[in-house]
>>> print(open('work_5.txt').read())   # compact mmCIF, C-alpha atoms and all ligand atoms
# COMPACT_ATOMS: atom_id res chain seq x y z
CA MET A 1 100.10 114.71 104.37
CA ILE A 2 99.21 111.07 103.90
CA ARG A 3 100.60 108.91 106.69
CA VAL A 4 101.53 105.46 105.34
CA LEU A 5 102.46 102.72 107.78
CA SER A 6 104.32 99.90 105.99
CA VAL A 7 104.52 96.64 107.91
CA PHE A 8 106.68 93.70 106.87
CA GLY A 9 108.82 91.03 108.45
CA THR A 10 110.57 88.63 106.10
CA ARG A 11 113.29 88.84 103.45
CA PRO A 12 111.03 88.77 100.37
CA GLU A 13 108.60 91.34 101.79
CA ALA A 14 111.47 93.72 102.56
CA ILE A 15 112.97 93.34 99.06
CA LYS A 16 109.61 94.04 97.45
CA MET A 17 108.69 96.91 99.79
CA ALA A 18 112.06 98.67 99.47
CA PRO A 19 111.21 100.34 96.12
CA VAL A 20 107.83 101.45 97.51
CA LEU A 21 109.49 102.99 100.56
CA HIS A 22 111.99 104.78 98.33
CA ALA A 23 109.15 106.11 96.16
CA LEU A 24 107.27 107.35 99.27
CA GLN A 25 110.43 109.02 100.59
CA ALA A 26 110.88 110.76 97.23
CA GLU A 27 107.69 112.76 97.93
CA PRO A 28 108.19 114.10 101.46
CA ALA A 29 105.70 116.96 101.01
CA ARG A 30 102.93 114.49 100.24
CA PHE A 31 103.68 111.36 102.27
CA GLU A 32 104.82 110.62 105.77
CA SER A 33 106.31 107.12 105.60
CA VAL A 34 106.45 105.11 108.82
CA VAL A 35 108.07 101.66 108.79
CA CYS A 36 107.33 98.88 111.26
CA VAL A 37 109.11 95.54 110.98
CA SER A 38 107.79 92.49 112.78
CA ALA A 39 111.20 90.85 112.27
CA GLN A 40 109.45 87.55 111.59
CA HIS A 41 112.88 86.97 110.04
CA ARG A 42 115.81 88.51 111.89
CA ALA A 43 119.13 88.01 110.07
CA MET A 44 117.62 87.79 106.59
CA LEU A 45 115.50 90.89 107.15
CA ASP A 46 118.45 92.87 108.50
CA GLN A 47 120.49 91.87 105.43
CA VAL A 48 117.86 93.42 103.15
CA MET A 49 117.40 96.54 105.30
CA SER A 50 121.11 97.19 105.11
CA VAL A 51 121.37 96.59 101.34
CA PHE A 52 118.53 99.05 100.60
CA GLY A 53 119.40 101.53 103.37
CA ILE A 54 116.00 101.20 105.05
CA ARG A 55 115.58 102.13 108.70
CA ALA A 56 112.63 100.86 110.74
CA ASN A 57 110.83 103.37 112.94
CA HIS A 58 109.42 100.45 114.96
CA ASP A 59 110.99 97.00 115.33
CA LEU A 60 108.78 94.41 117.04
CA ASP A 61 111.69 91.92 117.05
CA LEU A 62 109.37 88.91 117.12
CA MET A 63 111.39 86.03 115.62
CA THR A 64 112.04 82.97 117.74
CA SER A 65 113.86 79.86 116.54
CA GLY A 66 111.57 77.23 115.00
CA GLN A 67 108.47 79.44 115.33
CA SER A 68 105.12 78.18 114.04
CA PRO A 69 102.91 80.25 111.72
CA ALA A 70 100.26 80.45 114.46
CA GLU A 71 102.76 81.79 117.00
CA ILE A 72 104.10 84.49 114.72
CA ALA A 73 100.61 85.58 113.63
CA ALA A 74 99.45 85.86 117.23
CA ARG A 75 102.50 87.91 118.22
CA VAL A 76 102.12 90.28 115.27
CA LEU A 77 98.45 90.91 116.11
CA GLN A 78 99.18 91.47 119.77
CA HIS A 79 102.13 93.82 119.29
CA LEU A 80 101.00 95.72 116.21
CA SER A 81 97.49 96.69 117.32
CA PRO A 82 98.57 99.19 120.04
CA LEU A 83 101.11 100.66 117.63
CA ILE A 84 98.43 101.27 114.99
CA ARG A 85 96.36 103.05 117.66
CA GLN A 86 99.38 105.20 118.52
CA ILE A 87 100.45 106.01 114.92
CA ARG A 88 96.94 106.42 113.43
CA PRO A 89 98.02 105.93 109.81
CA ASP A 90 95.79 106.87 106.88
CA VAL A 91 96.66 103.54 105.33
CA LEU A 92 98.65 100.45 106.32
CA LEU A 93 100.61 98.66 103.58
CA VAL A 94 101.39 94.96 103.54
CA GLN A 95 103.12 92.85 100.89
CA GLY A 96 102.60 89.30 99.71
CA ASP A 97 101.56 86.27 101.66
CA THR A 98 103.41 85.79 104.94
CA MET A 99 102.00 85.53 108.47
CA THR A 100 103.16 89.11 109.01
CA SER A 101 101.24 90.34 105.93
CA PHE A 102 98.00 88.64 106.90
CA ALA A 103 98.20 89.47 110.63
CA ALA A 104 99.08 93.12 109.92
CA ALA A 105 96.15 93.48 107.51
CA PHE A 106 93.91 91.88 110.14
CA ALA A 107 95.23 94.23 112.86
CA ALA A 108 94.52 97.20 110.57
CA TYR A 109 90.97 95.95 110.01
CA LEU A 110 90.40 95.60 113.74
CA GLU A 111 91.53 99.21 114.22
CA LYS A 112 89.35 100.32 111.28
CA VAL A 113 92.39 101.49 109.31
CA PRO A 114 92.29 100.76 105.54
CA SER A 115 95.03 98.52 104.25
CA GLY A 116 96.71 98.27 100.86
CA HIS A 117 97.95 94.92 99.57
CA VAL A 118 101.08 94.95 97.41
CA GLU A 119 101.26 91.87 95.13
CA ALA A 120 97.55 91.08 95.34
CA GLY A 121 95.55 88.48 93.41
CA LEU A 122 98.02 85.57 93.18
CA ARG A 123 96.32 82.21 93.61
CA THR A 124 96.97 78.52 93.06
CA GLY A 125 93.38 77.64 93.91
CA ASP A 126 94.64 74.93 96.32
CA ARG A 127 94.22 76.00 99.94
CA TYR A 128 97.21 73.92 101.10
CA GLN A 129 99.69 74.86 98.36
CA PRO A 130 101.69 76.86 99.12
CA PHE A 131 100.93 76.45 102.82
CA PRO A 132 99.94 78.66 104.54
CA GLU A 133 100.60 81.38 101.94
CA GLU A 134 97.60 80.62 99.69
CA MET A 135 95.18 81.24 102.58
CA ASN A 136 97.14 84.32 103.70
CA ARG A 137 96.63 85.79 100.23
CA VAL A 138 92.90 84.99 100.14
CA LEU A 139 92.33 86.45 103.60
CA THR A 140 94.42 89.55 102.92
CA THR A 141 92.31 90.23 99.83
CA ARG A 142 89.18 90.13 101.98
CA LEU A 143 90.73 92.51 104.52
CA ALA A 144 92.36 95.06 102.21
CA SER A 145 90.78 98.18 100.70
CA LEU A 146 93.35 98.71 97.93
CA HIS A 147 94.85 95.90 95.85
CA PHE A 148 98.01 96.28 93.78
CA ALA A 149 97.97 93.48 91.22
CA PRO A 150 101.32 92.65 89.60
CA THR A 151 99.90 91.09 86.40
CA THR A 152 96.69 91.15 84.36
CA GLN A 153 95.96 87.60 85.47
CA ALA A 154 96.18 88.62 89.14
CA ARG A 155 93.97 91.65 88.47
CA ASP A 156 91.37 89.51 86.70
CA ARG A 157 91.35 87.05 89.57
CA LEU A 158 90.57 89.81 92.05
CA LEU A 159 87.73 91.10 89.88
CA GLU A 160 86.35 87.55 89.50
CA GLU A 161 86.34 87.26 93.29
CA GLY A 162 84.18 90.37 93.50
CA VAL A 163 86.75 92.99 94.54
CA PRO A 164 85.36 96.36 93.37
CA PRO A 165 87.22 97.48 90.20
CA GLY A 166 87.91 100.91 91.72
CA GLU A 167 90.01 99.26 94.45
CA VAL A 168 92.26 97.30 92.04
CA HIS A 169 95.35 98.77 90.39
CA LEU A 170 97.48 96.96 87.84
CA THR A 171 101.03 97.96 88.78
CA GLY A 172 103.56 95.25 87.91
CA ASN A 173 105.62 93.60 90.63
CA THR A 174 107.97 95.75 92.71
CA VAL A 175 110.46 92.84 92.67
CA ILE A 176 111.37 93.96 89.13
CA ASP A 177 111.89 97.56 90.31
CA ALA A 178 114.39 96.23 92.87
CA LEU A 179 116.07 93.89 90.39
CA LEU A 180 116.59 96.46 87.62
CA ARG A 181 118.12 98.90 90.10
CA THR A 182 120.52 96.27 91.41
CA VAL A 183 121.89 94.20 88.54
CA ARG A 184 125.09 95.40 86.88
CA PRO A 185 127.54 93.84 84.43
CA ASP A 186 130.83 94.43 86.27
CA TYR A 187 129.83 92.84 89.59
CA ARG A 188 132.34 90.92 91.72
CA PHE A 189 131.23 88.50 94.45
CA HIS A 190 132.44 89.10 98.00
CA THR A 191 131.34 85.72 99.44
CA PRO A 192 134.53 83.58 99.17
CA ALA A 193 132.67 80.48 97.89
CA LEU A 194 131.14 82.55 95.06
CA ALA A 195 134.26 84.57 94.24
CA GLY A 196 136.09 81.24 93.92
CA LEU A 197 133.59 79.56 91.55
CA ASP A 198 135.36 77.77 88.70
CA PRO A 199 134.43 79.70 85.49
CA ALA A 200 134.49 76.42 83.53
CA ARG A 201 131.69 74.91 85.59
CA ARG A 202 127.98 75.38 84.96
CA VAL A 203 126.27 76.68 88.09
CA VAL A 204 122.92 75.22 89.07
CA LEU A 205 121.43 77.54 91.67
CA VAL A 206 118.99 75.91 94.08
CA THR A 207 116.76 77.38 96.79
CA THR A 208 114.13 75.54 98.79
CA HIS A 209 112.14 76.38 101.90
CA ARG A 210 108.40 75.68 101.44
CA ARG A 211 106.61 74.16 104.41
CA GLU A 212 104.58 71.76 102.26
CA SER A 213 107.91 70.27 101.09
CA PHE A 214 109.26 69.49 104.56
CA GLY A 215 110.13 65.81 105.03
CA ALA A 216 109.94 63.39 102.10
CA PRO A 217 109.60 65.98 99.27
CA LEU A 218 112.70 67.86 100.44
CA ARG A 219 114.66 64.62 100.80
CA SER A 220 113.59 63.68 97.29
CA THR A 221 114.83 67.05 95.93
CA CYS A 222 118.20 66.47 97.64
CA ALA A 223 118.40 62.98 96.11
CA ALA A 224 117.78 64.50 92.67
CA LEU A 225 120.64 66.98 93.19
CA ARG A 226 122.99 64.13 94.20
CA GLU A 227 122.06 62.28 91.04
CA LEU A 228 122.53 65.33 88.81
CA VAL A 229 126.05 66.13 90.05
CA GLY A 230 126.90 62.43 89.53
CA ARG A 231 125.65 62.54 85.94
CA PHE A 232 127.15 65.91 84.92
CA PRO A 233 130.71 66.34 86.24
CA ASP A 234 130.90 69.98 85.03
CA LEU A 235 128.06 71.06 87.34
CA GLN A 236 128.44 73.10 90.49
CA VAL A 237 125.24 73.16 92.51
CA VAL A 238 125.14 76.25 94.74
CA LEU A 239 122.51 76.15 97.46
CA PRO A 240 122.09 79.05 99.91
CA VAL A 241 120.50 77.15 102.80
CA HIS A 242 117.38 78.75 104.27
CA PRO A 243 117.82 79.07 108.06
CA ASN A 244 114.51 77.38 108.89
CA PRO A 245 115.71 74.51 111.16
CA GLU A 246 113.66 71.95 109.19
CA VAL A 247 115.38 72.93 105.94
CA LYS A 248 118.88 73.22 107.41
CA ARG A 249 118.74 69.81 109.08
CA THR A 250 117.62 67.96 105.95
CA VAL A 251 119.75 69.75 103.36
CA GLU A 252 122.93 69.72 105.42
CA SER A 253 122.62 66.05 106.36
CA LEU A 254 121.94 64.91 102.78
CA LEU A 255 124.25 67.16 100.75
CA CYS A 256 127.16 68.27 102.91
CA ASP A 257 129.71 65.72 101.65
CA LEU A 258 129.48 66.25 97.88
CA PRO A 259 132.24 68.14 96.01
CA GLY A 260 129.76 69.17 93.28
CA VAL A 261 127.49 70.82 95.85
CA THR A 262 128.33 74.10 97.61
CA LEU A 263 126.12 74.85 100.61
CA ILE A 264 126.32 78.47 101.74
CA HIS A 265 124.52 80.73 104.18
CA PRO A 266 121.83 82.96 102.65
CA VAL A 267 123.67 85.71 100.80
CA ASP A 268 122.67 89.34 100.67
CA TYR A 269 120.29 90.41 97.91
CA VAL A 270 122.92 92.07 95.68
CA GLU A 271 125.11 88.98 95.85
CA PHE A 272 122.12 86.72 95.16
CA VAL A 273 120.93 88.67 92.11
CA HIS A 274 124.36 88.28 90.56
CA LEU A 275 124.45 84.62 91.51
CA MET A 276 121.23 84.19 89.51
CA ALA A 277 122.89 86.04 86.63
CA ARG A 278 125.92 83.69 86.88
CA ALA A 279 123.72 80.55 87.01
CA TYR A 280 123.10 78.31 84.02
CA LEU A 281 119.92 76.86 85.49
CA ILE A 282 117.80 77.61 88.56
CA LEU A 283 115.84 75.09 90.64
CA THR A 284 113.62 76.76 93.23
CA ASP A 285 110.40 76.72 95.20
CA SER A 286 110.76 80.45 95.96
CA GLY A 287 108.11 82.87 94.78
CA GLY A 288 110.47 85.80 94.30
CA VAL A 289 113.10 83.82 92.43
CA GLN A 290 110.44 82.61 89.96
CA GLU A 291 109.71 86.27 89.23
CA GLU A 292 113.32 87.43 88.97
CA ALA A 293 114.79 84.63 86.86
CA PRO A 294 112.84 85.33 83.63
CA SER A 295 114.12 88.92 83.60
CA LEU A 296 117.65 87.52 83.67
CA GLY A 297 116.95 84.96 80.93
CA LYS A 298 117.46 81.99 83.26
CA PRO A 299 115.40 78.80 82.91
CA VAL A 300 113.63 77.84 86.13
CA LEU A 301 112.48 74.43 87.29
CA VAL A 302 109.84 75.08 89.94
CA LEU A 303 110.13 72.63 92.85
CA ARG A 304 106.41 72.69 93.62
CA GLU A 305 103.33 70.82 92.43
CA VAL A 306 101.55 74.04 91.52
CA THR A 307 102.47 77.71 91.23
CA GLU A 308 100.57 80.94 91.81
CA ARG A 309 102.91 82.51 89.24
CA PRO A 310 101.85 80.84 85.98
CA GLU A 311 103.05 83.77 83.86
CA GLY A 312 106.63 82.44 83.76
CA VAL A 313 105.35 79.02 82.67
CA ALA A 314 103.24 80.64 79.93
CA ALA A 315 106.25 82.69 78.81
CA GLY A 316 108.19 79.42 78.44
CA THR A 317 110.94 80.23 80.97
CA ALA A 318 109.61 78.10 83.85
CA VAL A 319 108.47 74.49 84.18
CA VAL A 320 106.70 73.15 87.27
CA VAL A 321 108.51 69.91 88.14
CA GLY A 322 107.40 69.25 91.72
CA THR A 323 109.67 67.41 94.11
CA ASP A 324 109.70 63.93 92.57
CA ARG A 325 113.34 62.83 92.16
CA GLU A 326 112.93 61.22 88.76
CA ARG A 327 111.00 64.15 87.32
CA ILE A 328 113.55 66.71 88.53
CA VAL A 329 116.44 64.64 87.17
CA ALA A 330 114.71 64.08 83.81
CA GLN A 331 113.81 67.76 83.26
CA ALA A 332 117.15 69.11 84.45
CA SER A 333 119.09 66.52 82.43
CA GLU A 334 117.27 67.49 79.27
CA LEU A 335 118.18 71.15 79.73
CA LEU A 336 121.75 70.33 80.69
CA ALA A 337 122.30 67.92 77.79
CA SER A 338 120.45 69.65 74.96
CA PRO A 339 121.50 73.18 73.91
CA ALA A 340 118.32 73.40 71.82
CA ALA A 341 116.06 72.59 74.78
CA TYR A 342 118.05 75.03 76.90
CA SER A 343 117.86 77.93 74.47
CA ARG A 344 114.10 77.44 74.08
CA MET A 345 113.76 78.31 77.79
CA ALA A 346 116.54 80.86 78.21
CA ASN A 347 114.53 83.85 77.01
CA ALA A 348 114.91 87.18 78.73
CA VAL A 349 111.27 88.13 79.22
CA SER A 350 109.66 90.07 82.04
CA PRO A 351 106.11 88.89 82.63
CA TYR A 352 106.11 90.43 86.11
CA GLY A 353 106.65 94.11 85.44
CA ASP A 354 108.57 96.94 83.83
CA GLY A 355 110.40 98.31 86.88
CA HIS A 356 107.91 101.10 87.63
CA ALA A 357 105.45 99.29 89.91
CA SER A 358 106.39 101.28 93.01
CA GLU A 359 105.67 104.63 91.33
CA ARG A 360 102.23 103.37 90.28
CA ILE A 361 101.50 102.17 93.82
CA VAL A 362 102.46 105.52 95.31
CA ALA A 363 100.41 107.39 92.68
CA ALA A 364 97.37 105.25 93.55
CA LEU A 365 97.86 105.95 97.26
CA GLY A 366 98.01 109.68 96.52
CA GLU A 367 94.84 109.47 94.43
CA ARG A 368 92.90 107.56 97.06
CA PHE A 369 94.05 109.30 100.25
CA GLY A 370 95.18 112.71 99.04
C1 LIG B 1 108.49 82.66 105.77
C2 LIG B 1 107.10 82.80 105.15
C3 LIG B 1 107.12 82.35 103.69
C4 LIG B 1 108.22 83.02 102.91
C5 LIG B 1 109.53 82.84 103.63
C6 LIG B 1 110.61 83.61 102.92
C7 LIG B 1 105.13 82.37 106.57
C8 LIG B 1 104.19 81.34 107.07
N1 LIG B 1 106.16 81.91 105.84
O1 LIG B 1 108.79 81.26 105.83
O2 LIG B 1 105.87 82.68 103.09
O3 LIG B 1 108.29 82.45 101.63
O4 LIG B 1 109.43 83.33 104.97
O5 LIG B 1 111.89 83.18 103.26
O6 LIG B 1 104.96 83.54 106.85
N2 LIG B 1 115.12 81.92 110.65
C9 LIG B 1 116.31 82.40 111.14
N3 LIG B 1 116.77 83.60 110.69
C10 LIG B 1 116.11 84.33 109.77
C11 LIG B 1 114.91 83.83 109.26
C12 LIG B 1 114.41 82.63 109.72
O7 LIG B 1 116.93 81.77 111.98
O8 LIG B 1 116.59 85.40 109.38
C13 LIG B 1 114.61 80.61 111.14
C14 LIG B 1 114.01 80.72 112.55
O9 LIG B 1 114.28 79.54 113.26
C15 LIG B 1 112.52 80.82 112.27
C16 LIG B 1 112.41 79.88 111.09
O10 LIG B 1 113.57 80.14 110.30
O11 LIG B 1 111.69 80.42 113.37
C17 LIG B 1 111.16 80.01 110.28
O12 LIG B 1 110.91 81.36 109.89
P1 LIG B 1 109.41 81.76 109.40
O13 LIG B 1 109.43 83.18 108.95
O14 LIG B 1 108.41 81.41 110.44
O15 LIG B 1 109.15 80.79 108.20
P2 LIG B 1 109.88 80.67 106.82
O16 LIG B 1 109.97 79.22 106.54
O17 LIG B 1 111.11 81.50 106.79
N1 LIG B 2 117.35 85.96 98.10
C1 LIG B 2 118.45 86.56 98.71
N2 LIG B 2 119.44 85.75 99.21
C2 LIG B 2 119.39 84.40 99.15
C3 LIG B 2 118.26 83.79 98.54
C4 LIG B 2 117.26 84.60 98.03
O1 LIG B 2 118.52 87.79 98.80
O2 LIG B 2 120.33 83.73 99.60
C5 LIG B 2 116.27 86.82 97.59
C6 LIG B 2 115.81 86.57 96.17
O3 LIG B 2 116.50 87.39 95.26
C7 LIG B 2 114.32 86.90 96.22
C8 LIG B 2 113.93 86.65 97.65
O4 LIG B 2 115.14 86.53 98.39
O5 LIG B 2 114.08 88.28 95.94
C9 LIG B 2 113.12 85.38 97.75
O6 LIG B 2 112.95 85.06 99.08
P1 LIG B 2 112.45 83.63 99.55
O7 LIG B 2 112.76 82.62 98.52
O8 LIG B 2 112.99 83.42 100.92
O9 LIG B 2 110.88 83.85 99.73
P2 LIG B 2 109.64 83.74 98.73
O10 LIG B 2 109.90 84.65 97.58
O11 LIG B 2 109.49 82.31 98.35
O12 LIG B 2 108.49 84.18 99.58
>>> encode(input="work_5.txt", output="structure tokens")
Amino acid sequence: MIRVLSVFGTRPEAIKMAPVLHALQAEPARFESVVCVSAQHRAMLDQVMSVFGIRANHDLDLMTSGQSPAEIAARVLQHLSPLIRQIRPDVLLVQGDTMTSFAAAFAAYLEKVPSGHVEAGLRTGDRYQPFPEEMNRVLTTRLASLHFAPTTQARDRLLEEGVPPGEVHLTGNTVIDALLRTVRPDYRFHTPALAGLDPARRVVLVTTHRRESFGAPLRSTCAALRELVGRFPDLQVVLPVHPNPEVKRTVESLLCDLPGVTLIHPVDYVEFVHLMARAYLILTDSGGVQEEAPSLGKPVLVLREVTERPEGVAAGTAVVVGTDRERIVAQASELLASPAAYSRMANAVSPYGDGHASERIVAALGERFG
């Protein structure tokens, strides 16, 4: 039996680990799967756990309102280390680039337990963008013993950085496994604001939460949205507001009074996937949404100066627009006004995987630790 301890804490990690946990559970004679959540996120994590039917064996329950990255990292290290000593896993799995991912990989290292990194090898090359995720990824690469790269570009980056080829597996991104198992044609929204969307209106879906955008860049994004709904009366901007207090304060104060803008609480994953499918255009600084949207044939304007997911840009479905008001308005207006420009970007391509990443990850774990 291979004992696998999976540690995660935020919404995107849980979505991307869910298919891996299901694949581990599908082989009970080979794997013992133990789940520990830091609950770096509380409500948004619980939403995902409930959608995917995942139960945590250990819940560190660490979230506090307005926490700093340093605080959450310190608490994960402190609370996870004794648990690793108690569980003695053969391998500890982390996903992505959050404080929980990095701190859990570091805790595993300190206990001399090998760790596996799901979604390894993404880089912008700029240590402050995204912040602090770029550094979390670099450090997690140094700490991990197995690296699951979602794309060839990510794999090549790991090899260039000197990671031994035997430790790197090209798997695809598990976000596509989750997406393909969730999306269906006959879906009906249960959130009243979404169920009541006017079918005649074009939905522009917006999400924003990056720390490097707090302050002026986020205000500038909000100003661009105000301008867009003024210019295009058939638009309905739908913005699930991230609960980070910095984001909530800015977005709610600048956009709450506009009829063309619907601010909603974060919706559960199933609802959100179908909201992406209903959208005409997506504006986001999210990593996961950049990966999901191309599979659904939705053009994405990336509200960042640089992305660690260039595959969508290369495939022609994403454009990096930053947070400058004029640039966002110009790019979005072109897509909204020109059917030709729109259809050039609205290609259903899947640069991030084929929906079988989790099986490949589990096979690699079996090979290495079996
Ligand atoms: C974190 C990750 C980021 C990831 C994002 C996904 C780090 C440094 N950041 O950013 O990489 O893209 O999650 O959403 O690890 N909050 C709630 N309820 C929740 C979740 C958050 O109230 O369910 C509020 C709390 O006040 C919390 C704050 O949001 O303190 C910030 O949460 P945190 O996880 O520290 O940062 P995020 O900005 O969510
Ligand atoms: N998502 C969700 N509900 C929402 C907004 C997003 O379930 O209201 C999902 C989305 O489908 C994607 C993930 O959350 O899989 C992205 O999370 P987020 O943008 O918070 O983090 P990031 O991917 O940037 O780390």
>>> residues_around(input="work_5.txt", residues="Val4 (chain A)", least_positions_apart="2", cutoff="9 Å", atoms="all atoms listed in the file", output="ChimeraX atom specification")
/A:2,6,24,31-35,89-93,365
>>> atom_distance(input="work_5.txt", atom1="CA of Arg88 (chain A)", atom2="CA of Glu367 (chain A)")
19.4 Å
>>> residues_around(input="work_5.txt", residues="Pro165 (chain A)", least_positions_apart="3", cutoff="12 Å", atoms="only C-alpha atoms", output="list of chain:residue names")
A:Ser145, A:Leu146, A:His147, A:Phe148, A:Ala149, A:Arg155, A:Asp156, A:Arg157, A:Leu158, A:Leu159, A:Glu160, A:Glu161, A:Gly162, A:Val168, A:His169, A:Leu170
>>> closest_atom_pairs(input="work_5.txt", of="chain A", to="ligand LIG 2 (chain B)", cutoff="8 Å", atoms="only C-alpha atoms and all ligand atoms", output="JSON lines")
{"residue": "A:Thr10", "atom": "CA", "partner": "B:LIG2", "partner_atom": "O8", "distance": 7.7}
{"residue": "A:Arg11", "atom": "CA", "partner": "B:LIG2", "partner_atom": "O6", "distance": 5.8}
{"residue": "A:Pro12", "atom": "CA", "partner": "B:LIG2", "partner_atom": "O6", "distance": 4.4}
{"residue": "A:Glu13", "atom": "CA", "partner": "B:LIG2", "partner_atom": "O12", "distance": 7.5}
{"residue": "A:Ile15", "atom": "CA", "partner": "B:LIG2", "partner_atom": "O5", "distance": 6.0}
{"residue": "A:Lys16", "atom": "CA", "partner": "B:LIG2", "partner_atom": "O5", "distance": 7.4}
{"residue": "A:Met44", "atom": "CA", "partner": "B:LIG2", "partner_atom": "O1", "distance": 7.8}
{"residue": "A:Val48", "atom": "CA", "partner": "B:LIG2", "partner_atom": "O1", "distance": 7.1}
{"residue": "A:Gly96", "atom": "CA", "partner": "B:LIG2", "partner_atom": "O12", "distance": 7.8}
{"residue": "A:Asp97", "atom": "CA", "partner": "B:LIG2", "partner_atom": "O12", "distance": 7.5}
{"residue": "A:Thr98", "atom": "CA", "partner": "B:LIG2", "partner_atom": "O12", "distance": 7.6}
{"residue": "A:Val175", "atom": "CA", "partner": "B:LIG2", "partner_atom": "O5", "distance": 6.7}
{"residue": "A:Thr207", "atom": "CA", "partner": "B:LIG2", "partner_atom": "C3", "distance": 6.8}
{"residue": "A:Thr208", "atom": "CA", "partner": "B:LIG2", "partner_atom": "O7", "distance": 7.2}
{"residue": "A:His209", "atom": "CA", "partner": "B:LIG2", "partner_atom": "O7", "distance": 7.1}
{"residue": "A:Arg210", "atom": "CA", "partner": "B:LIG2", "partner_atom": "O11", "distance": 7.4}
{"residue": "A:Pro240", "atom": "CA", "partner": "B:LIG2", "partner_atom": "O2", "distance": 5.0}
{"residue": "A:Val241", "atom": "CA", "partner": "B:LIG2", "partner_atom": "O2", "distance": 7.3}
{"residue": "A:His242", "atom": "CA", "partner": "B:LIG2", "partner_atom": "O8", "distance": 7.2}
{"residue": "A:His265", "atom": "CA", "partner": "B:LIG2", "partner_atom": "O2", "distance": 6.9}
{"residue": "A:Pro266", "atom": "CA", "partner": "B:LIG2", "partner_atom": "O2", "distance": 3.5}
{"residue": "A:Val267", "atom": "CA", "partner": "B:LIG2", "partner_atom": "O2", "distance": 4.1}
{"residue": "A:Asp268", "atom": "CA", "partner": "B:LIG2", "partner_atom": "O1", "distance": 4.8}
{"residue": "A:Tyr269", "atom": "CA", "partner": "B:LIG2", "partner_atom": "O1", "distance": 3.3}
{"residue": "A:Val270", "atom": "CA", "partner": "B:LIG2", "partner_atom": "O1", "distance": 6.9}
{"residue": "A:Glu271", "atom": "CA", "partner": "B:LIG2", "partner_atom": "O1", "distance": 7.3}
{"residue": "A:Phe272", "atom": "CA", "partner": "B:LIG2", "partner_atom": "N2", "distance": 5.0}
{"residue": "A:Val273", "atom": "CA", "partner": "B:LIG2", "partner_atom": "O3", "distance": 5.6}
{"residue": "A:Thr284", "atom": "CA", "partner": "B:LIG2", "partner_atom": "O7", "distance": 7.9}
{"residue": "A:Asp285", "atom": "CA", "partner": "B:LIG2", "partner_atom": "O11", "distance": 6.5}
{"residue": "A:Ser286", "atom": "CA", "partner": "B:LIG2", "partner_atom": "O11", "distance": 3.3}
{"residue": "A:Gly287", "atom": "CA", "partner": "B:LIG2", "partner_atom": "O10", "distance": 3.8}
{"residue": "A:Gly288", "atom": "CA", "partner": "B:LIG2", "partner_atom": "O10", "distance": 3.5}
{"residue": "A:Val289", "atom": "CA", "partner": "B:LIG2", "partner_atom": "C7", "distance": 5.0}
{"residue": "A:Gln290", "atom": "CA", "partner": "B:LIG2", "partner_atom": "O10", "distance": 7.9}
{"residue": "A:Glu292", "atom": "CA", "partner": "B:LIG2", "partner_atom": "O3", "distance": 7.0}
>>> residues_around(input="work_5.txt", residues="Val313 (chain A)", least_positions_apart="3", cutoff="10 Å", atoms="all atoms listed in the file", output="ChimeraX atom specification")
/A:290,294,300-302,307,309-310,316-320,345,351
>>> axis_aligned_box(input="work_5.txt", around="ligand LIG 1 (chain B)", padding_each_side="6 Å", output="AutoDock Vina command-line options")
--center_x 110.6 --center_y 82.3 --center_z 107.5 --size_x 24.7 --size_y 18.2 --size_z 23.7
>>> atom_distance(input="work_5.txt", atom1="CA of Ala108 (chain A)", atom2="CA of Ser81 (chain A)")
7.4 Å
>>> closest_residue(input="work_5.txt", among="A:Pro243, A:Gly166, A:Pro185, A:Gly355", to="ligand LIG 1 (chain B)", atoms="only C-alpha atoms and all ligand atoms")
A:Pro243
>>> residues_around(input="work_5.txt", residues="Leu335 (chain A)", least_positions_apart="4", cutoff="12 Å", atoms="all atoms listed in the file", output="list in words")
Arg202, Val204, Leu228, Phe232, Tyr280, Leu281, Ile282, Leu283, Lys298, Pro299, Val300, Leu301, Thr317, Ala318, Val319, Ile328, Val329, Ala330, Gln331, Pro339, Ala340, Ala341, Tyr342, Ser343, Arg344, Met345 and Ala346 of chain A
>>> decode(input="work_5.txt", residues="region 347-352 of chain A", atoms="N, CA and C atoms", output="mmCIF file, in the first residue's frame")
data_model
loop_
_atom_site.group_PDB
_atom_site.id
_atom_site.type_symbol
_atom_site.label_atom_id
_atom_site.label_comp_id
_atom_site.auth_asym_id
_atom_site.auth_seq_id
_atom_site.Cartn_x
_atom_site.Cartn_y
_atom_site.Cartn_z
ATOM 1 N N ASN A 347 -12.206 29.977 -30.344
ATOM 2 C CA ASN A 347 -11.927 28.614 -30.797
ATOM 3 C C ASN A 347 -11.946 27.674 -29.604
ATOM 4 N N ALA A 348 -12.625 26.556 -29.762
ATOM 5 C CA ALA A 348 -12.588 25.570 -28.683
ATOM 6 C C ALA A 348 -11.326 24.724 -28.839
ATOM 7 N N VAL A 349 -10.289 25.106 -28.116
ATOM 8 C CA VAL A 349 -9.051 24.327 -28.111
ATOM 9 C C VAL A 349 -8.714 23.999 -26.659
ATOM 10 N N SER A 350 -7.892 22.987 -26.464
ATOM 11 C CA SER A 350 -7.584 22.598 -25.087
ATOM 12 C C SER A 350 -6.084 22.458 -24.914
ATOM 13 N N PRO A 351 -5.387 23.594 -24.779
ATOM 14 C CA PRO A 351 -3.925 23.486 -24.671
ATOM 15 C C PRO A 351 -3.472 22.928 -23.331
ATOM 16 N N TYR A 352 -4.414 22.732 -22.391
ATOM 17 C CA TYR A 352 -4.003 22.381 -21.038
ATOM 18 C C TYR A 352 -4.252 20.920 -20.663
#
